[in-house]
Amino acid sequence: MSWDWNYTGEFLPDLLSGLRITIVATLLGYLLALALGLVWTLLRRSRNPFVSQTTRWVVEFIRSTPLLVQLYFIFFVFPSFGLTLGPLTAGVIGLGLHFSAYTSEVYRAGIEDVPRGQWEATVALNLPRRRVWQDVILPQAVRKVVPTLGNYLIAMFKDSPLLLAINVIELLGAAYKVGTETLRFLEPITVVGLLFVLVSVVSSIIVRRLERRYATY
Amino acid sequence: MTEVLDSYQLLLKGSWITIQLTVYGSVLALVLAVVFGLAGTSRNRAVRTLNRVYVEFFRGTATLVLMFWFFYALPLVGLRFTPMFAAVLALGLNVGAYGAEVVRGAINAVPRAQYEATIALNLTPAQRMRRVLLPQAVALMLPPFGNLLIELMKGTAIVSLITISDLTFRAKQIQSSTGETLWTFVVILVLYFAIAQILQLLVRYAERRVDRMLGRRPDKGDGKLSDLAVGAPGSGVG
């Protein structure tokens, strides 16, 4: 059986609307991950050992359990607490929650990567806490962290097909649907695969640029 | 809760499949990582290109898309895999691409003077790699490999979508037969967490062994961005 170009042309619009859902889910999930990751980082820096240790285990737990099961958990378990979510909402929360564990590690590492001497200097200069963060620590931490965060955006994009398991018709879901209707999976899934490679290669070039730009002190 | 625990046989069966997938997948990934990682350090341009193509392609595709492709698309051109084989292939090829970057990065990170010394001693390229560069690079590879191993183990959950009865698949089965949604998924999440923690212990043990073999003090590696980025999904390593 060989490639059918007519068929390929017919299902492309379906894939494009799937792609739109994929992009929406990825971007919203990413924003959630960035924000929630910050919350984890702040809680982990808490002086209260109970708060910081509990947060450590929560993050470790989220990080070492599969995204797919977390998606099921959010989609199937939340309704029994009276919180019924649409598939896309559940998917965005799942992606955001899962990747918040990663972003929080990135923030933490970025902050800890700032040389000790810089902290000592702020003490020597008697800077107030707000200026320590605003003028010394964060500007140095952020430039190290940007490329890594960029990588996680790509990673999240590549994990977004899992949303099809909770009935979100994203890119792969759309291809699968087209395939089951026509019983030809070759073309739609191949096109989706190529799209993923294309987006990943382009975005990793962008991340490499960012690395070069931010790596220099 | 008790209904879920009563299905412990299903949970055990599922865990066994998950562990099998993790083992097979990581063996395939390790082989690919070493082969393509070494190719990436070659002086031959064509061989290096081979490494780039493999890494960019398989790091770029989502594992689930790859798995669907093996399972649904390839039979149409006459290639028919069992679900298990398709799953292991997709997981191994994907994680192997990350691993290849780890191997390449670690070999390049061995201090240059070591490489120069091998030239001064007139070692053959094979001797250089086997006796000087690789032993030192292995110590650098272990922590990111540990992260990748856990990523792979978590990644196996998606095989339930191509009808393999792993832990996640069993969870859905138990959920629909008992109606115990909350406890089913809590138990499954805890099981995955436990497997991940066991893998982590094994990796730590291996790290300590290798560090001692090389006469190094174990590096805590806590909070260094470089350590973290290396094993991360989707991160450009090296």
# chains A, B, ... in the order shown; residues from 1 in each chain; ligands from 1

call {"tool": "closest_atom_pairs", "arguments": {"of": "chain A", "to": "chain B", "cutoff": "8 Å", "atoms": "only C-alpha atoms", "output": "tab-separated table"}}
result
residue	atom	partner	partner_atom	distance
A:Met1	CA	B:Val77	CA	5.7
A:Ser2	CA	B:Val77	CA	7.2
A:Phe61	CA	B:Phe193	CA	6.3
A:Ser64	CA	B:Phe193	CA	5.7
A:Thr65	CA	B:Tyr192	CA	5.6
A:Pro66	CA	B:Lys154	CA	4.5
A:Leu67	CA	B:Lys154	CA	7.5
A:Leu68	CA	B:Ala157	CA	6.5
A:Val69	CA	B:Thr168	CA	6.7
A:Gln70	CA	B:Leu189	CA	7.9
A:Tyr72	CA	B:Phe185	CA	7.8
A:Phe73	CA	B:Phe185	CA	6.0
A:Phe76	CA	B:Thr181	CA	6.7
A:Val77	CA	B:Leu182	CA	5.3
A:Ser80	CA	B:Leu182	CA	7.9
A:Glu105	CA	B:Gly223	CA	7.8
A:Val106	CA	B:Leu225	CA	6.8
A:Arg108	CA	B:Gly223	CA	6.7
A:Ala109	CA	B:Gly223	CA	4.3
A:Gly110	CA	B:Leu225	CA	6.2
A:Glu112	CA	B:Gly223	CA	6.1
A:Asp113	CA	B:Lys224	CA	6.2
A:Val145	CA	B:Leu225	CA	7.9
A:Thr148	CA	B:Ala229	CA	6.5
A:Asn151	CA	B:Ser235	CA	4.9
A:Tyr152	CA	B:Gly234	CA	6.3
A:Ile154	CA	B:Gly234	CA	6.1
A:Ala155	CA	B:Gly234	CA	4.5
A:Lys158	CA	B:Ala62	CA	4.8
A:Asp159	CA	B:Ala62	CA	6.5
A:Pro161	CA	B:Leu64	CA	6.8
A:Leu162	CA	B:Leu64	CA	7.2
A:Ala165	CA	B:Leu161	CA	7.4
A:Leu172	CA	B:Val65	CA	6.9
A:Arg184	CA	B:Leu76	CA	7.6
A:Phe185	CA	B:Ala73	CA	4.9
A:Leu186	CA	B:Ala73	CA	4.0
A:Glu187	CA	B:Ala73	CA	7.6
A:Ile189	CA	B:Trp69	CA	6.0
A:Thr190	CA	B:Trp69	CA	6.8
A:Val192	CA	B:Val65	CA	7.4
A:Gly193	CA	B:Thr61	CA	6.0
A:Leu194	CA	B:Thr61	CA	7.7
A:Phe196	CA	B:Thr61	CA	5.4
A:Val197	CA	B:Gly60	CA	4.6
A:Leu198	CA	B:Gly60	CA	7.7
A:Val199	CA	B:Gly60	CA	7.8
A:Ser200	CA	B:Gly60	CA	4.9
A:Val201	CA	B:Gly60	CA	6.5
A:Ser204	CA	B:Gly236	CA	7.3
A:Arg208	CA	B:Gly236	CA	7.9

call {"tool": "residues_around", "arguments": {"residues": "Leu43 in chain A", "least_positions_apart": "2", "cutoff": "12 Å", "atoms": "only C-alpha atoms", "output": "tab-separated table (two decimals) with C-alpha atoms, in the first residue's frame"}}
result
chain	number	residue	atom	x	y	z
A	36	LEU	CA	3.09	26.71	40.14
A	37	GLY	CA	6.79	25.89	39.97
A	38	LEU	CA	7.52	29.25	41.56
A	39	VAL	CA	5.12	28.42	44.39
A	40	TRP	CA	6.94	25.11	45.03
A	41	THR	CA	10.31	26.88	45.03
A	45	ARG	CA	12.77	27.86	50.79
A	46	SER	CA	10.48	28.23	53.78
A	47	ARG	CA	12.26	28.32	57.15
A	48	ASN	CA	9.61	25.98	58.57
A	49	PRO	CA	11.12	22.49	58.08
A	50	PHE	CA	7.70	20.85	57.90
A	51	VAL	CA	6.64	23.05	54.98
A	52	SER	CA	9.91	22.70	53.10
A	53	GLN	CA	10.18	18.92	53.56
A	54	THR	CA	6.55	18.29	52.64
A	55	THR	CA	7.00	20.36	49.52
A	56	ARG	CA	10.11	18.38	48.67
A	57	TRP	CA	8.19	15.11	48.79
A	58	VAL	CA	5.24	16.50	46.87
A	59	VAL	CA	7.53	17.66	44.07
A	104	SER	CA	10.56	24.33	40.35
A	108	ARG	CA	15.95	26.21	42.62

call {"tool": "residues_around", "arguments": {"residues": "Leu149 in chain B", "least_positions_apart": "4", "cutoff": "10 Å", "atoms": "only C-alpha atoms", "output": "VMD selection string"}}
result
chain B and resid 22 to 23 25 to 26 29 to 30 95 99 143 to 145 153 to 155 196 199 to 200 203 231

call {"tool": "closest_residue", "arguments": {"among": "A:Val168, A:Leu83, A:Leu42, A:Ala124", "to": "Ala25 in chain A", "atoms": "only C-alpha atoms"}}
result
A:Val168

call {"tool": "select_by_dssp", "arguments": {"residues": "range 4-237 of chain B", "states": "helix (DSSP H, G or I)", "output": "PyMOL selection string"}}
result
chain B and resi 4-6+8-40+45-60+63-77+83-109+112-120+125-162+167-178+181-213+225-231

call {"tool": "atom_distance", "arguments": {"atom1": "CA of Val31 in chain B", "atom2": "CA of Gly96 in chain B"}}
result
7.7 Å
